[in-house]
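Student: So here's my_file.txt, just compact mmCIF, C-alpha atoms:
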```
# COMPACT_ATOMS: atom_id res chain seq x y z
CA MET A 166 65.44 -113.40 -101.16
CA LYS A 167 65.21 -115.06 -104.54
CA LEU A 168 66.63 -114.39 -107.96
CA SER A 169 64.34 -113.70 -110.88
CA ARG A 170 64.35 -115.94 -113.93
CA GLU A 171 66.33 -113.28 -115.81
CA GLN A 172 68.92 -113.04 -113.02
CA ILE A 173 69.33 -116.82 -112.93
CA ALA A 174 69.94 -116.79 -116.67
CA PHE A 175 72.47 -113.99 -116.20
CA GLN A 176 74.37 -116.11 -113.65
CA GLU A 177 74.78 -118.76 -116.35
CA ARG A 178 76.08 -116.22 -118.86
CA LEU A 179 78.45 -114.85 -116.23
CA GLY A 180 79.74 -118.26 -115.25
CA HIS A 181 79.23 -118.00 -111.49
CA GLU A 182 76.39 -119.22 -109.27
CA PHE A 183 76.02 -117.00 -106.22
CA GLY A 184 75.72 -118.38 -102.74
CA ARG A 185 74.97 -114.92 -101.39
CA ILE A 186 72.44 -113.68 -103.91
CA GLU A 187 72.15 -110.28 -102.23
CA LEU A 188 75.60 -109.51 -103.61
CA LEU A 189 74.41 -110.03 -107.17
CA LYS A 190 71.30 -107.97 -106.54
CA ASN A 191 73.38 -105.11 -105.15
CA ALA A 192 75.76 -105.28 -108.10
CA LEU A 193 72.84 -104.94 -110.49
CA THR A 194 71.24 -102.00 -108.64
CA HIS A 195 72.00 -98.55 -110.03
CA SER A 196 72.10 -95.54 -107.73
CA SER A 197 68.96 -94.18 -109.40
CA VAL A 198 66.90 -96.77 -107.48
CA SER A 199 68.86 -96.94 -104.22
CA THR A 200 67.23 -96.05 -100.89
CA PRO A 201 68.45 -96.00 -97.27
CA ASN A 202 67.33 -99.63 -97.05
CA ARG A 203 68.65 -100.72 -100.45
CA ASP A 204 72.32 -100.63 -101.42
CA ASP A 205 73.43 -99.67 -104.92
CA ASN A 206 76.50 -100.84 -106.82
CA GLN A 207 78.84 -97.86 -106.35
CA ARG A 208 80.90 -99.34 -103.51
CA LEU A 209 81.12 -102.66 -105.34
CA GLU A 210 82.29 -100.83 -108.46
CA PHE A 211 85.21 -99.39 -106.48
CA LEU A 212 86.29 -102.85 -105.35
CA GLY A 213 85.69 -104.54 -108.69
CA ASP A 214 87.97 -102.10 -110.47
CA ARG A 215 90.83 -103.18 -108.19
CA VAL A 216 90.11 -106.89 -108.54
CA LEU A 217 90.00 -106.59 -112.33
CA GLY A 218 93.27 -104.67 -112.30
CA LEU A 219 95.08 -107.33 -110.27
CA VAL A 220 93.84 -110.17 -112.48
CA MET A 221 94.80 -108.31 -115.66
CA ALA A 222 98.26 -107.39 -114.36
CA GLU A 223 98.89 -111.01 -113.42
CA ALA A 224 97.59 -112.29 -116.77
CA LEU A 225 99.73 -109.87 -118.78
CA LEU A 226 102.88 -110.84 -116.91
CA ALA A 227 102.15 -114.51 -117.57
CA ALA A 228 101.31 -113.92 -121.24
CA ASP A 229 104.58 -112.11 -122.08
CA LYS A 230 107.49 -112.83 -119.76
CA ARG A 231 109.85 -110.48 -121.62
CA ALA A 232 107.64 -107.38 -121.86
CA SER A 233 108.89 -104.24 -120.16
CA GLU A 234 106.78 -102.05 -117.89
CA GLY A 235 106.51 -99.56 -120.74
CA GLN A 236 105.01 -102.26 -122.97
CA LEU A 237 102.72 -103.68 -120.30
CA ALA A 238 101.18 -100.39 -119.15
CA PRO A 239 99.26 -99.54 -122.37
CA ARG A 240 98.09 -103.14 -122.68
CA PHE A 241 96.83 -103.02 -119.11
CA ASN A 242 95.02 -99.73 -119.71
CA ALA A 243 93.34 -101.14 -122.83
CA LEU A 244 92.02 -104.14 -120.88
CA VAL A 245 90.66 -102.36 -117.81
CA ARG A 246 89.29 -99.14 -119.32
CA LYS A 247 85.58 -98.42 -119.00
CA GLU A 248 84.91 -99.01 -122.70
CA THR A 249 86.28 -102.56 -122.49
CA CYS A 250 84.22 -103.31 -119.38
CA ALA A 251 81.13 -102.04 -121.18
CA ASP A 252 81.87 -104.22 -124.21
CA VAL A 253 82.10 -107.30 -121.98
CA ALA A 254 78.87 -106.27 -120.25
CA ARG A 255 77.11 -106.13 -123.62
CA GLU A 256 78.39 -109.58 -124.56
CA ILE A 257 76.71 -111.13 -121.52
CA ASP A 258 73.67 -108.83 -121.82
CA LEU A 259 74.19 -107.30 -118.40
CA GLY A 260 71.98 -104.36 -119.32
CA ALA A 261 68.93 -106.62 -119.46
CA VAL A 262 69.10 -107.31 -115.71
CA LEU A 263 70.11 -103.88 -114.40
CA ARG A 264 67.74 -102.31 -111.88
CA LEU A 265 67.31 -98.70 -112.94
CA GLY A 266 65.27 -95.74 -111.81
CA ARG A 267 62.60 -94.29 -114.04
CA SER A 268 64.80 -91.45 -115.30
CA GLU A 269 67.55 -93.83 -116.40
CA MET A 270 65.02 -96.16 -117.98
CA LYS A 271 63.63 -93.30 -120.07
CA THR A 272 67.06 -92.17 -121.25
CA GLY A 273 68.33 -95.56 -122.41
CA GLY A 274 70.36 -96.42 -119.32
CA ARG A 275 70.66 -100.09 -120.25
CA ARG A 276 72.76 -99.07 -123.25
CA LYS A 277 74.92 -96.35 -121.69
CA GLN A 278 78.60 -97.15 -121.85
CA ALA A 279 79.60 -95.63 -118.50
CA LEU A 280 76.70 -97.27 -116.68
CA LEU A 281 77.43 -100.70 -118.19
CA GLY A 282 81.14 -100.41 -117.44
CA ASP A 283 80.47 -99.50 -113.81
CA ALA A 284 78.00 -102.36 -113.42
CA MET A 285 80.48 -104.85 -114.88
CA GLU A 286 83.05 -103.83 -112.29
CA ALA A 287 80.41 -104.16 -109.55
CA VAL A 288 79.54 -107.68 -110.70
CA ILE A 289 83.23 -108.63 -110.57
CA ALA A 290 83.37 -107.41 -106.97
CA ALA A 291 80.24 -109.39 -106.14
CA VAL A 292 81.85 -112.56 -107.50
CA TYR A 293 85.00 -111.84 -105.51
CA LEU A 294 83.09 -111.34 -102.24
CA ASP A 295 80.94 -114.38 -102.88
CA GLY A 296 83.54 -116.88 -104.04
CA GLY A 297 86.96 -115.39 -103.36
CA PHE A 298 89.77 -114.29 -105.63
CA GLU A 299 90.02 -117.53 -107.62
CA ALA A 300 86.33 -117.38 -108.51
CA ALA A 301 86.71 -113.77 -109.67
CA ARG A 302 89.87 -114.64 -111.59
CA ARG A 303 88.13 -117.53 -113.35
CA VAL A 304 85.19 -115.35 -114.40
CA ILE A 305 87.39 -112.47 -115.58
CA LEU A 306 89.73 -114.65 -117.62
CA SER A 307 86.76 -116.41 -119.20
CA LEU A 308 85.13 -113.12 -120.23
CA TRP A 309 88.31 -111.24 -121.14
CA GLY A 310 90.38 -114.18 -122.44
CA GLY A 311 90.40 -113.37 -126.15
CA ARG A 312 91.15 -109.73 -125.48
CA ILE A 313 94.33 -110.57 -123.59
CA GLU A 314 95.67 -112.35 -126.67
CA THR A 315 94.93 -109.43 -129.01
CA VAL A 316 95.59 -106.53 -126.66
CA GLU A 317 98.80 -105.43 -128.37
CA ALA A 318 96.82 -104.07 -131.33
CA ASP A 319 94.27 -102.42 -129.04
CA ALA A 320 96.95 -100.84 -126.86
CA ARG A 321 98.62 -99.03 -129.74
CA ASP A 322 95.54 -97.00 -130.55
CA ALA A 323 95.19 -94.20 -133.09
CA LYS A 324 96.13 -91.45 -130.63
CA THR A 325 99.33 -93.28 -129.73
CA ALA A 326 100.16 -93.87 -133.38
CA LEU A 327 99.60 -90.20 -134.23
CA GLN A 328 101.75 -89.01 -131.34
CA GLU A 329 104.56 -91.37 -132.37
CA TRP A 330 104.28 -90.11 -135.96
CA ALA A 331 104.65 -86.51 -134.79
CA GLN A 332 107.54 -87.26 -132.42
CA ALA A 333 109.44 -89.13 -135.14
CA ARG A 334 109.39 -85.91 -137.19
CA GLY A 335 110.41 -83.63 -134.35
CA MET A 336 106.93 -82.12 -134.08
CA GLN A 337 104.94 -81.19 -131.01
CA PRO A 338 102.31 -83.71 -129.85
CA PRO A 339 98.90 -83.36 -131.52
CA ARG A 340 96.22 -81.27 -129.84
CA TYR A 341 92.59 -82.37 -129.38
CA VAL A 342 90.02 -79.59 -129.38
CA GLU A 343 86.29 -79.92 -128.83
CA THR A 344 84.68 -78.07 -131.74
CA GLY A 345 81.05 -79.01 -131.20
CA ARG A 346 78.51 -80.75 -129.02
CA SER A 347 74.99 -81.81 -129.94
CA GLY A 348 72.17 -84.01 -128.69
CA PRO A 349 70.40 -84.06 -125.32
CA ASP A 350 72.29 -83.77 -122.04
CA HIS A 351 71.79 -87.44 -121.20
CA SER A 352 73.20 -88.60 -124.54
CA PRO A 353 75.55 -85.97 -125.99
CA VAL A 354 77.56 -86.27 -129.20
CA PHE A 355 81.01 -84.66 -129.14
CA THR A 356 82.93 -83.40 -132.16
CA ILE A 357 86.70 -83.30 -131.68
CA ALA A 358 89.44 -81.99 -133.96
CA ALA A 359 92.91 -83.55 -133.93
CA ARG A 360 95.44 -80.87 -134.92
CA LEU A 361 99.16 -80.90 -135.66
CA ALA A 362 101.44 -77.90 -135.35
CA SER A 363 102.09 -78.14 -139.10
CA GLY A 364 98.44 -77.30 -139.77
CA GLU A 365 96.97 -80.69 -140.69
CA GLU A 366 93.79 -81.62 -138.87
CA ALA A 367 90.80 -83.96 -139.00
CA THR A 368 87.59 -84.23 -137.01
CA ALA A 369 85.31 -86.98 -135.75
CA SER A 370 82.13 -87.26 -133.68
CA ALA A 371 81.15 -89.83 -131.07
CA GLY A 372 79.17 -90.35 -127.87
CA SER A 373 82.22 -89.82 -125.66
CA LYS A 374 85.17 -87.45 -125.91
CA ARG A 375 87.63 -90.32 -125.83
CA GLN A 376 85.98 -92.09 -128.75
CA ALA A 377 85.79 -88.84 -130.70
CA GLU A 378 89.49 -88.18 -130.06
CA GLN A 379 90.36 -91.67 -131.27
CA GLY A 380 88.24 -91.20 -134.37
CA ALA A 381 89.85 -87.84 -135.13
CA ALA A 382 93.34 -89.28 -134.69
CA GLU A 383 92.50 -92.19 -136.97
CA ALA A 384 91.08 -89.83 -139.61
CA LEU A 385 94.17 -87.64 -139.44
CA MET A 386 96.49 -90.64 -139.74
CA GLN A 387 94.56 -91.71 -142.82
CA LYS A 388 94.84 -88.22 -144.31
CA LEU A 389 98.58 -88.17 -143.69
CA SER A 390 98.92 -91.63 -145.23
CA ASP A 391 97.03 -90.56 -148.35
CA LYS A 392 99.40 -87.60 -148.76
CA GLY A 393 102.35 -89.99 -148.58
```
Transcribe the structure of this file into structure tokens.
Tutor:
Amino acid sequence: MKLSREQIAFQERLGHEFGRIELLKNALTHSSVSTPNRDDNQRLEFLGDRVLGLVMAEALLAADKRASEGQLAPRFNALVRKETCADVAREIDLGAVLRLGRSEMKTGGRRKQALLGDAMEAVIAAVYLDGGFEAARRVILSLWGGRIETVEADARDAKTALQEWAQARGMQPPRYVETGRSGPDHSPVFTIAARLASGEEATASAGSKRQAEQGAAEALMQKLSDKG
């Protein structure tokens, strides 16, 4: 079993040279091309999520020795969420080496956020199984390093800010309501309204409900700020 030229180049971007190259190949194989004789990356994804979580928890504790659990939890969530994994995957062009079935190829699978995030977690698991925890830790901290330093801003996202604004004024938490959905099934666009009990609301659209909710919360915070 040999790696392709593209896979060898990906190893360099990743920062780990595999001794057991079948692990990398499995990590890069989506379920749309799996067969009884060819493993896909779903089991590796399960493991990689846990490895990433341990490394991030350890790194956050080391980065801020006075932070409480209540402060650490949102930072942790911001670092391990699927969107962050997908962003890292894009930075190392993981999509270029994914092995996809024809249906996923036709529907832009190499750019799908969920698919990229899952594959990134699978690659982390492959590094862990190939080189042990320290190898996985080294790769993760190299790829995530800058995000750990700036995670405080990411953790206090627009939805959190809006909820805190409402609570400070004795109001009920904001509600998020899906008001529309467009586009094909494989690439939907969601429209979400963020609503306060006082009647103020704002909407936003995005390719995932979470992103649309964040956009709506940000738009509503801006509207409230403009009103003074």
Student: Determine the nearest neighbour of A:Glu171 from the options A:Asp252, A:Glu365, A:Ala290, A:Leu263, counting all atoms listed in the file.
Tutor: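 The answer is A:Leu263, which sits nearest to A:Glu171.
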Student: Which residues come within 7 Å of A:Asp205, counting only C-alpha atoms, excluding same-chain residues fewer than 6 positions away, as number ranges by chain?
Tutor: A: 191-192, 194-196, 199
Student: What is the distance between atom CA of A:Thr249 and atom CA of A:Arg303, in Å to one decimal?
Tutor: 17.6 Å
Student: Write out as a VMD selection string the residues lying within 7 Å of A:Tyr341, counting all atoms listed in the file and excluding same-chain residues fewer than 3 positions away.
Tutor: chain A and resid 357 to 360 378
Student: Taking C-alpha atoms for each residue, export the selection above as a compact mmCIF listing (two decimals), in the coordinates of the input.
Tutor:
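Written out: again_25.txt:
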```
# COMPACT_ATOMS: atom_id res chain seq x y z
CA ILE A 357 86.70 -83.30 -131.68
CA ALA A 358 89.44 -81.99 -133.96
CA ALA A 359 92.91 -83.55 -133.93
CA ARG A 360 95.44 -80.87 -134.92
CA GLU A 378 89.49 -88.18 -130.06
```
Student: Separation of atom CA of A:Leu294 and atom CA of A:Arg255, in Å?
Tutor: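 Computed distance, atom CA of A:Leu294 to atom CA of A:Arg255, equals 22.8 Å.
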Student: Find, counting all atoms listed in the file, the residue in A:Gln387, A:Ser233, A:Ser197, A:Thr325 that gets nearest to A:Met270.
Tutor: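 Between A:Gln387, A:Ser233, A:Ser197, A:Thr325, the residue approaching A:Met270 most closely is A:Ser197.
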Student: Is it possible to produce a file of stretch 267-285 of chain A from this structure, with N, CA and C atoms, as a PDB file, in the first residue's frame?
Tutor:
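The resulting selection_25.pdb:
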```
ATOM      1  N   ARG A 267     -19.465   9.027  -5.645  1.00  0.00           N
ATOM      2  CA  ARG A 267     -19.894   9.885  -6.756  1.00  0.00           C
ATOM      3  C   ARG A 267     -20.945  10.898  -6.317  1.00  0.00           C
ATOM      4  N   SER A 268     -21.889  10.479  -5.479  1.00  0.00           N
ATOM      5  CA  SER A 268     -22.949  11.394  -5.055  1.00  0.00           C
ATOM      6  C   SER A 268     -22.395  12.568  -4.270  1.00  0.00           C
ATOM      7  N   GLU A 269     -21.435  12.297  -3.372  1.00  0.00           N
ATOM      8  CA  GLU A 269     -20.830  13.374  -2.602  1.00  0.00           C
ATOM      9  C   GLU A 269     -19.962  14.272  -3.480  1.00  0.00           C
ATOM     10  N   MET A 270     -19.300  13.675  -4.442  1.00  0.00           N
ATOM     11  CA  MET A 270     -18.494  14.468  -5.370  1.00  0.00           C
ATOM     12  C   MET A 270     -19.370  15.462  -6.115  1.00  0.00           C
ATOM     13  N   LYS A 271     -20.545  15.011  -6.564  1.00  0.00           N
ATOM     14  CA  LYS A 271     -21.425  15.862  -7.357  1.00  0.00           C
ATOM     15  C   LYS A 271     -22.042  16.987  -6.527  1.00  0.00           C
ATOM     16  N   THR A 272     -22.176  16.771  -5.232  1.00  0.00           N
ATOM     17  CA  THR A 272     -22.846  17.769  -4.394  1.00  0.00           C
ATOM     18  C   THR A 272     -21.864  18.599  -3.566  1.00  0.00           C
ATOM     19  N   GLY A 273     -20.622  18.652  -4.006  1.00  0.00           N
ATOM     20  CA  GLY A 273     -19.643  19.518  -3.353  1.00  0.00           C
ATOM     21  C   GLY A 273     -19.173  19.035  -2.003  1.00  0.00           C
ATOM     22  N   GLY A 274     -19.032  17.721  -1.848  1.00  0.00           N
ATOM     23  CA  GLY A 274     -18.652  17.151  -0.561  1.00  0.00           C
ATOM     24  C   GLY A 274     -17.344  17.661  -0.005  1.00  0.00           C
ATOM     25  N   ARG A 275     -16.408  17.998  -0.848  1.00  0.00           N
ATOM     26  CA  ARG A 275     -15.098  18.465  -0.385  1.00  0.00           C
ATOM     27  C   ARG A 275     -15.181  19.807   0.331  1.00  0.00           C
ATOM     28  N   ARG A 276     -16.316  20.487   0.185  1.00  0.00           N
ATOM     29  CA  ARG A 276     -16.475  21.794   0.824  1.00  0.00           C
ATOM     30  C   ARG A 276     -17.489  21.775   1.969  1.00  0.00           C
ATOM     31  N   LYS A 277     -18.135  20.646   2.194  1.00  0.00           N
ATOM     32  CA  LYS A 277     -19.179  20.586   3.224  1.00  0.00           C
ATOM     33  C   LYS A 277     -18.568  20.655   4.625  1.00  0.00           C
ATOM     34  N   GLN A 278     -19.152  21.526   5.424  1.00  0.00           N
ATOM     35  CA  GLN A 278     -18.605  21.753   6.757  1.00  0.00           C
ATOM     36  C   GLN A 278     -18.642  20.509   7.630  1.00  0.00           C
ATOM     37  N   ALA A 279     -19.781  19.829   7.687  1.00  0.00           N
ATOM     38  CA  ALA A 279     -19.904  18.644   8.539  1.00  0.00           C
ATOM     39  C   ALA A 279     -18.942  17.549   8.097  1.00  0.00           C
ATOM     40  N   LEU A 280     -18.837  17.359   6.806  1.00  0.00           N
ATOM     41  CA  LEU A 280     -17.959  16.311   6.277  1.00  0.00           C
ATOM     42  C   LEU A 280     -16.490  16.623   6.589  1.00  0.00           C
ATOM     43  N   LEU A 281     -16.096  17.879   6.414  1.00  0.00           N
ATOM     44  CA  LEU A 281     -14.712  18.274   6.709  1.00  0.00           C
ATOM     45  C   LEU A 281     -14.415  18.154   8.202  1.00  0.00           C
ATOM     46  N   GLY A 282     -15.365  18.571   9.034  1.00  0.00           N
ATOM     47  CA  GLY A 282     -15.154  18.465  10.474  1.00  0.00           C
ATOM     48  C   GLY A 282     -14.996  17.027  10.918  1.00  0.00           C
ATOM     49  N   ASP A 283     -15.836  16.141  10.399  1.00  0.00           N
ATOM     50  CA  ASP A 283     -15.728  14.717  10.734  1.00  0.00           C
ATOM     51  C   ASP A 283     -14.385  14.149  10.287  1.00  0.00           C
ATOM     52  N   ALA A 284     -13.965  14.500   9.081  1.00  0.00           N
ATOM     53  CA  ALA A 284     -12.706  13.980   8.551  1.00  0.00           C
ATOM     54  C   ALA A 284     -11.511  14.483   9.364  1.00  0.00           C
ATOM     55  N   MET A 285     -11.580  15.717   9.836  1.00  0.00           N
ATOM     56  CA  MET A 285     -10.488  16.249  10.649  1.00  0.00           C
ATOM     57  C   MET A 285     -10.353  15.453  11.937  1.00  0.00           C
TER      58      MET A 285
END
```
